[in-house]
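Source file query.csv; content: CSV, C-alpha atoms and all ligand atoms.
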```csv
chain,number,residue,atom,x,y,z
A,790,MET,CA,1.9,0.1,-21.0
A,791,ASN,CA,1.1,-2.8,-23.3
A,792,PHE,CA,-2.5,-3.8,-22.7
A,793,LYS,CA,-3.8,-6.4,-25.1
A,794,MET,CA,-4.9,-9.2,-22.9
A,795,SER,CA,-7.9,-9.6,-20.5
A,796,ILE,CA,-7.7,-8.7,-16.8
A,797,SER,CA,-7.7,-12.4,-15.9
A,798,GLU,CA,-4.8,-13.1,-18.3
A,799,ASN,CA,-2.9,-10.1,-17.0
A,800,ILE,CA,-3.2,-11.4,-13.5
A,801,LYS,CA,-2.1,-14.9,-14.4
A,802,GLU,CA,0.9,-13.5,-16.3
A,803,ILE,CA,2.0,-11.3,-13.5
A,804,LYS,CA,1.5,-13.9,-10.8
A,805,SER,CA,3.6,-16.4,-12.8
A,806,LYS,CA,6.5,-14.0,-12.4
A,807,LEU,CA,6.1,-13.4,-8.6
A,808,PRO,CA,8.1,-15.4,-6.1
A,809,GLU,CA,6.0,-17.2,-3.5
A,810,ASN,CA,6.7,-14.7,-0.7
A,811,VAL,CA,5.5,-11.7,-2.7
A,812,THR,CA,1.9,-10.4,-2.3
A,813,LEU,CA,0.2,-8.9,-5.3
A,814,ILE,CA,-2.1,-5.9,-4.6
A,815,ALA,CA,-4.3,-5.2,-7.6
A,816,VAL,CA,-4.6,-1.4,-7.7
A,817,SER,CA,-8.1,-0.8,-8.9
A,818,LYS,CA,-8.5,3.0,-8.3
A,819,THR,CA,-10.8,4.7,-10.9
A,820,LYS,CA,-11.9,1.3,-12.2
A,821,PRO,CA,-15.5,0.0,-12.1
A,822,VAL,CA,-16.6,-2.8,-9.9
A,823,SER,CA,-17.2,-5.0,-13.0
A,824,ASP,CA,-13.4,-4.8,-13.6
A,825,LEU,CA,-12.6,-5.7,-10.0
A,826,MET,CA,-15.0,-8.6,-10.3
A,827,GLN,CA,-13.1,-10.0,-13.3
A,828,ALA,CA,-10.0,-9.9,-11.2
A,829,TYR,CA,-11.8,-11.4,-8.3
A,830,GLU,CA,-13.0,-14.3,-10.4
A,831,ALA,CA,-9.5,-14.9,-11.6
A,832,GLY,CA,-8.5,-15.5,-8.0
A,833,GLN,CA,-7.3,-12.0,-7.1
A,834,HIS,CA,-8.8,-11.1,-3.7
A,835,VAL,CA,-6.5,-8.3,-2.6
A,836,PHE,CA,-7.2,-4.8,-3.9
A,837,GLY,CA,-5.6,-1.4,-3.4
A,838,GLU,CA,-7.4,2.0,-3.6
A,839,ASN,CA,-6.1,5.5,-3.1
A,840,LYS,CA,-9.4,7.3,-2.2
A,841,ILE,CA,-11.1,6.2,1.0
A,842,GLN,CA,-14.7,6.9,-0.1
A,843,GLU,CA,-14.2,5.1,-3.4
A,844,MET,CA,-12.8,2.1,-1.5
A,845,GLU,CA,-15.7,2.2,0.9
A,846,ALA,CA,-18.2,2.2,-2.0
A,847,LYS,CA,-16.5,-0.8,-3.6
A,848,TRP,CA,-16.2,-2.6,-0.3
A,849,LYS,CA,-20.0,-2.4,0.0
A,850,GLU,CA,-20.5,-4.0,-3.4
A,851,MET,CA,-17.8,-6.6,-3.5
A,852,PRO,CA,-17.7,-10.1,-1.9
A,853,LYS,CA,-16.8,-9.9,1.8
A,854,ASP,CA,-13.6,-12.0,1.6
A,855,VAL,CA,-11.8,-9.2,-0.3
A,856,GLU,CA,-8.9,-7.7,1.5
A,857,TRP,CA,-8.8,-3.9,1.1
A,858,HIS,CA,-5.5,-1.9,1.2
A,859,MET,CA,-5.4,1.9,1.4
A,860,ILE,CA,-2.4,2.9,-0.7
A,861,GLY,CA,-2.9,6.6,-1.1
A,862,HIS,CA,-2.4,9.6,1.1
A,863,VAL,CA,-4.8,9.5,4.1
A,864,GLN,CA,-6.8,12.5,5.4
A,865,ARG,CA,-7.3,12.1,9.1
A,866,ASN,CA,-11.0,13.1,9.0
A,867,LYS,CA,-11.7,10.2,6.6
A,868,VAL,CA,-10.1,7.4,8.6
A,869,LYS,CA,-13.5,6.6,10.2
A,870,TYR,CA,-14.9,5.4,6.9
A,871,MET,CA,-12.4,2.7,6.4
A,872,ALA,CA,-11.7,1.7,10.0
A,873,PRO,CA,-14.4,-1.0,10.0
A,874,PHE,CA,-12.8,-3.0,7.1
A,875,VAL,CA,-9.4,-1.9,5.9
A,876,SER,CA,-6.7,-4.6,6.0
A,877,LEU,CA,-3.6,-2.5,5.6
A,878,ILE,CA,-2.9,1.2,5.4
A,879,HIS,CA,0.3,1.7,3.3
A,880,ALA,CA,1.0,5.4,3.4
A,881,VAL,CA,1.1,6.5,7.1
A,882,ASP,CA,3.3,9.6,7.4
A,883,SER,CA,2.7,11.0,10.9
A,884,LEU,CA,2.2,10.2,14.5
A,885,LYS,CA,-1.0,12.3,14.4
A,886,LEU,CA,-2.4,10.0,11.7
A,887,LEU,CA,-1.5,6.9,13.7
A,888,ARG,CA,-3.3,8.5,16.7
A,889,GLU,CA,-6.5,8.8,14.6
A,890,ILE,CA,-6.2,5.3,13.1
A,891,ASN,CA,-5.7,3.9,16.6
A,892,LYS,CA,-8.8,5.8,17.9
A,893,GLN,CA,-11.0,4.6,15.0
A,894,ALA,CA,-9.7,1.1,15.2
A,895,GLU,CA,-10.6,1.0,18.9
A,896,LYS,CA,-14.1,2.1,18.1
A,897,ASN,CA,-14.4,-0.8,15.8
A,898,ASP,CA,-12.8,-3.2,18.2
A,899,ARG,CA,-10.0,-3.9,15.7
A,900,VAL,CA,-6.3,-3.8,15.3
A,901,ILE,CA,-5.3,-2.2,12.0
A,902,ASP,CA,-2.0,-2.9,10.3
A,903,CYS,CA,-0.1,0.1,9.0
A,904,LEU,CA,3.1,0.8,7.0
A,905,LEU,CA,5.1,3.9,7.4
A,906,GLN,CA,5.7,5.6,4.0
A,907,ILE,CA,9.3,6.4,3.6
A,908,LYS,CA,10.3,9.1,1.1
A,909,ILE,CA,12.8,7.6,-1.3
A,910,ALA,CA,12.1,9.5,-4.5
A,911,ARG,CA,14.0,12.7,-5.3
A,912,GLU,CA,10.8,14.5,-6.4
A,913,ASP,CA,9.3,16.8,-3.8
A,914,THR,CA,5.8,16.0,-4.8
A,915,LYS,CA,5.7,12.6,-3.1
A,916,PHE,CA,4.4,12.1,0.4
A,917,GLY,CA,6.3,10.2,3.0
A,918,MET,CA,8.6,10.5,6.0
A,919,THR,CA,12.3,10.8,6.2
A,920,GLU,CA,14.2,8.0,8.0
A,921,THR,CA,14.6,10.4,10.9
A,922,ASP,CA,10.9,11.1,11.1
A,923,ALA,CA,10.2,7.4,11.1
A,924,MET,CA,12.7,6.7,13.8
A,925,ASP,CA,11.1,9.4,16.0
A,926,VAL,CA,7.7,7.8,15.5
A,927,LEU,CA,8.9,4.3,16.1
A,928,ALA,CA,10.8,5.3,19.2
A,929,SER,CA,8.1,7.6,20.7
A,930,GLU,CA,6.5,6.9,24.0
A,931,GLU,CA,3.1,7.5,22.7
A,932,ILE,CA,3.2,4.8,20.1
A,933,LYS,CA,3.6,2.2,22.9
A,934,SER,CA,0.2,3.2,24.2
A,935,PHE,CA,-1.6,2.5,20.8
A,936,GLN,CA,-3.2,-0.9,21.4
A,937,HIS,CA,-5.2,-0.8,18.1
A,938,ILE,CA,-2.6,-0.4,15.5
A,939,ARG,CA,0.4,-2.5,14.4
A,940,ILE,CA,3.3,-1.0,12.3
A,941,VAL,CA,4.3,-4.0,10.2
A,942,GLY,CA,6.8,-2.4,7.8
A,943,PHE,CA,7.5,0.3,5.3
A,944,MET,CA,6.2,1.5,1.9
A,945,GLY,CA,8.1,3.4,-0.7
A,946,MET,CA,7.5,4.9,-4.1
A,947,SER,CA,10.4,5.4,-6.5
A,948,SER,CA,11.0,8.4,-8.7
A,949,PHE,CA,9.0,8.6,-11.8
A,950,THR,CA,11.9,8.1,-14.2
A,951,ASP,CA,13.3,5.7,-16.8
A,952,ASN,CA,16.6,5.9,-15.0
A,953,LYS,CA,17.0,2.4,-13.8
A,954,ALA,CA,20.1,3.1,-11.8
A,955,GLN,CA,18.3,5.8,-9.8
A,956,VAL,CA,15.3,3.6,-9.1
A,957,THR,CA,17.5,0.7,-8.1
A,958,ALA,CA,19.4,3.0,-5.7
A,959,GLU,CA,16.1,4.1,-4.2
A,960,PHE,CA,14.8,0.6,-3.6
A,961,GLN,CA,18.1,-0.5,-2.2
A,962,LYS,CA,18.1,2.4,0.2
A,963,LEU,CA,14.7,1.5,1.6
A,964,LYS,CA,15.6,-2.2,1.8
A,965,THR,CA,18.7,-1.4,3.8
A,966,TYR,CA,16.7,0.8,6.2
A,967,TYR,CA,14.0,-1.9,6.5
A,968,ASP,CA,16.6,-4.6,7.3
A,969,SER,CA,18.2,-2.4,9.9
A,970,LEU,CA,14.9,-2.3,11.9
A,971,GLN,CA,13.2,-5.4,10.8
A,972,GLN,CA,14.1,-7.6,13.8
A,973,LYS,CA,13.7,-4.9,16.4
A,974,TYR,CA,10.2,-4.0,15.4
A,975,GLY,CA,9.1,-7.4,14.0
A,976,PHE,CA,8.4,-6.0,10.5
A,977,THR,CA,7.1,-8.4,7.9
A,978,ILE,CA,6.1,-6.2,4.9
A,979,LEU,CA,8.2,-4.1,2.5
A,980,SER,CA,5.8,-2.6,0.0
A,981,MET,CA,7.5,-1.3,-3.1
A,982,GLY,CA,7.1,-1.7,-6.8
A,983,MET,CA,4.3,-0.7,-9.3
A,984,SER,CA,3.5,-1.7,-12.9
A,985,GLY,CA,6.7,-0.3,-14.4
A,986,ASP,CA,9.1,-1.5,-11.8
A,987,TYR,CA,7.8,-4.3,-9.7
A,988,LEU,CA,10.3,-6.9,-10.9
A,989,LEU,CA,13.1,-4.5,-10.1
A,990,ALA,CA,11.6,-3.9,-6.7
A,991,ILE,CA,11.3,-7.6,-5.9
A,992,GLU,CA,14.9,-8.1,-7.0
A,993,HIS,CA,15.8,-5.5,-4.3
A,994,GLY,CA,13.7,-7.0,-1.5
A,995,SER,CA,10.1,-6.0,-1.9
A,996,ASN,CA,7.6,-8.6,-0.7
A,997,MET,CA,4.4,-6.6,-1.6
A,998,VAL,CA,3.8,-5.0,-5.1
A,999,ARG,CA,1.1,-2.6,-6.0
A,1000,VAL,CA,0.2,-3.1,-9.6
A,1001,GLY,CA,-2.6,-1.2,-11.4
A,1002,SER,CA,-2.3,-0.4,-15.1
A,1003,ALA,CA,-0.5,-3.7,-15.9
A,1004,ILE,CA,-3.7,-5.5,-14.7
A,1005,PHE,CA,-6.5,-3.1,-15.6
A,1006,GLY,CA,-5.1,-1.0,-18.4
A,1007,ALA,CA,-4.4,2.7,-18.4
A,1008,ARG,CA,-6.5,4.9,-16.1
A,1009,ASN,CA,-8.8,7.6,-17.4
A,1010,TYR,CA,-9.1,10.5,-14.9
A,1011,SER,CA,-11.4,12.6,-17.0
B,1,LIG,C1,-1.7,4.2,-8.6
B,1,LIG,C2,-0.7,3.6,-7.6
B,1,LIG,C3,0.0,2.4,-7.9
B,1,LIG,C4,-0.2,1.6,-9.2
B,1,LIG,O1,0.3,2.3,-10.3
B,1,LIG,P1,0.5,1.5,-11.7
B,1,LIG,O2,1.6,2.2,-12.3
B,1,LIG,O3,-0.8,1.7,-12.4
B,1,LIG,O4,0.8,0.1,-11.4
B,1,LIG,C5,0.8,1.9,-6.9
B,1,LIG,N1,1.0,2.6,-5.8
B,1,LIG,C6,0.4,3.7,-5.5
B,1,LIG,C7,0.7,4.4,-4.2
B,1,LIG,C8,-0.5,4.3,-6.4
B,1,LIG,O5,-1.1,5.4,-6.1
```

In structure tokens, write the structure found in this file.
Amino acid sequence: MNFKMSISENIKEIKSKLPENVTLIAVSKTKPVSDLMQAYEAGQHVFGENKIQEMEAKWKEMPKDVEWHMIGHVQRNKVKYMAPFVSLIHAVDSLKLLREINKQAEKNDRVIDCLLQIKIAREDTKFGMTETDAMDVLASEEIKSFQHIRIVGFMGMSSFTDNKAQVTAEFQKLKTYYDSLQQKYGFTILSMGMSGDYLLAIEHGSNMVRVGSAIFGARNYS
């Protein structure tokens, strides 16, 4: 990834390419609060993190009008740490997890928006549900009793490949599935696209993109 500009310039550049209906999530995992504050001051108030406790620590430090999105795999025993403040949970992959989110949301007197993560990539390593799993969850009796969650759409991650035709096919598949259920369930959000493929994802119907390295530069996990 080409990273020569500042965080605020990167945000300006990316936002200039996004249609009005597309929400930009600045994926700030591993990055220090000082970097997030640069983005915040450039007008970016929506952040995505993939570790609940890291997100909680940043939530405590950052201004209170920030919207926090959990984009990573969620462990049930950690839902309680984000239930007081999380805006959207992107990667819900089971009824069991929804049950816990509903319970913790109720304790906080909140309704928490969730996306079901649908597996679209060919790799086995990615989390997510099959379309059949998702149908079973959406149609289940139990879900109707959950008063403290709202399933507002789907999230997907494409394969990690330069093969544009394959990635396109994966995005198209999820868009078709989303469209087939959108009216019935009142979905409003289709979260797909990252630094390397967000424009392609938007072309194929995404209205929420999760962009990290193109804003903050490469991550250092060491
Ligand atoms: C890290 C991450 C991103 C952002 O990745 P970049 O390639 O840095 O834009 C998006 N979505 C999820 C689920 C992630 O874990």

(message) Residues near Arg865 of chain A, anyone? I mean within 9 Å using only C-alpha atoms, not counting same-chain ones fewer than 5 positions away, as a ChimeraX atom specification.
(response) /A:885-886,889-890

(request) May I have the residues within 7 Å of ligand LIG 1 (chain B), computed using only C-alpha atoms and all ligand atoms, as an NGL selection string? (result) :A and (816 or 818 or 839 or 860-861 or 946 or 983-985 or 999-1003)

Write the residues you've just listed into a file as a compact mmCIF listing (two decimals), keeping the file's coordinate frame, and include C-alpha atoms for each of them.
```
# COMPACT_ATOMS: atom_id res chain seq x y z
CA VAL A 816 -4.60 -1.40 -7.70
CA LYS A 818 -8.50 3.00 -8.30
CA ASN A 839 -6.10 5.50 -3.10
CA ILE A 860 -2.40 2.90 -0.70
CA GLY A 861 -2.90 6.60 -1.10
CA MET A 946 7.50 4.90 -4.10
CA MET A 983 4.30 -0.70 -9.30
CA SER A 984 3.50 -1.70 -12.90
CA GLY A 985 6.70 -0.30 -14.40
CA ARG A 999 1.10 -2.60 -6.00
CA VAL A 1000 0.20 -3.10 -9.60
CA GLY A 1001 -2.60 -1.20 -11.40
CA SER A 1002 -2.30 -0.40 -15.10
CA ALA A 1003 -0.50 -3.70 -15.90
```

(message) With distances taken over only C-alpha atoms, which residue among A:Ile803, A:Ala954, A:Leu970, A:Ala910 lies nearest Leu988 of chain A?
(response)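 Result for the nearest residue to Leu988 of chain A: A:Ile803.
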
(message) Measuring between all atoms listed in the file, which one of A:Thr812, A:Gln893, A:Thr919, A:Ser823 shows the shortest distance to Glu856 of chain A?
(response)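 Once distances to Glu856 of chain A are computed over all atoms listed in the file, the minimum belongs to A:Thr812.
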
Need to verify the contact set: Arg888 of chain A, 10 Å, all atoms listed in the file, exclusion of same-chain residues closer than 5 positions in sequence. Can you return it as an mmCIF file with C-alpha atoms, in the frame of the given file?
```cif
data_model
loop_
_atom_site.group_PDB
_atom_site.id
_atom_site.type_symbol
_atom_site.label_atom_id
_atom_site.label_comp_id
_atom_site.auth_asym_id
_atom_site.auth_seq_id
_atom_site.Cartn_x
_atom_site.Cartn_y
_atom_site.Cartn_z
ATOM 1 C CA ARG A 865 -7.300 12.100 9.100
ATOM 2 C CA SER A 883 2.700 11.000 10.900
ATOM 3 C CA GLN A 893 -11.000 4.600 15.000
ATOM 4 C CA ALA A 894 -9.700 1.100 15.200
ATOM 5 C CA GLU A 931 3.100 7.500 22.700
ATOM 6 C CA ILE A 932 3.200 4.800 20.100
ATOM 7 C CA SER A 934 0.200 3.200 24.200
ATOM 8 C CA PHE A 935 -1.600 2.500 20.800
ATOM 9 C CA HIS A 937 -5.200 -0.800 18.100
ATOM 10 C CA ILE A 938 -2.600 -0.400 15.500
#
```

(request) Compare A:Val998, A:Glu802, A:Gly982, A:Tyr1010 by their minimum atom-to-atom distance to Phe836 of chain A, counting all atoms listed in the file, and give me the closest one. (result)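 Answer, going by the shortest atom-to-atom distance: A:Val998.
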
(message) When you look at Asn897 of chain A with a cut-off of 10 Å (counting only C-alpha atoms), what residues show up, excluding the ones that are within fewer than 3 positions of it in the same chain? I need them as JSON, numbers by chain.
(response) {"A": [869, 872, 873, 874, 891, 892, 893, 894, 900, 901, 937]}

(request) Please tell me which residues are no farther than 12 Å from (-1.8, 8.0, -1.4) in the file, counting all atoms listed in the file, and write them as a ChimeraX atom specification. (result) /A:816,818,837-841,858-864,878-882,905-906,914-917,944-946,999

(request) List every protein, DNA or RNA residue that has an atom no more than 9 Å from (9.9, 2.3, -5.0) in the file's coordinate frame, counting all atoms listed in the file, and report them as a VMD selection string. (result) chain A and resid 909 to 910 944 to 948 956 to 957 959 to 960 963 980 to 983 986 to 987 990 995

(message) Just to confirm, what's the straight-line distance from atom CA of Glu843 of chain A to atom CA of Arg939 of chain A in Å (one decimal)?
(response)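 Distance between the two atoms: 24.2 Å.
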
(request) Measure the distance from atom CA of Asn799 of chain A to atom CA of Asp902 of chain A in Å and round it to one decimal. (result) 28.2 Å

(message) Measuring between only C-alpha atoms, which one of A:Val941, A:Val835, A:Met826, A:Ile907 shows the shortest distance to Met924 of chain A?
(response)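 Going through A:Val941, A:Val835, A:Met826, A:Ile907 one by one, the smallest distance to Met924 of chain A is for A:Ile907.
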
(request) Work out how far atom CA of Lys964 of chain A is from atom CA of Ile940 of chain A, in Å to one decimal. (result)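 Separation between atom CA of Ile940 of chain A and atom CA of Lys964 of chain A: 16.2 Å.
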
(request) Give the answer as one residue: which of A:Leu904, A:Gly942, A:Ile800, A:Ala928 has the shortest atom-to-atom distance to Gln972 of chain A, using only C-alpha atoms? (result)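 Ranked by minimum distance to Gln972 of chain A, first place goes to A:Gly942.
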
(message) Taking all atoms listed in the file into account, name the residue in A:Met918, A:Leu884, A:Cys903, A:Leu989 that is nearest to Phe976 of chain A.
(response)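 Using all atoms listed in the file, Phe976 of chain A sits closest to A:Cys903.
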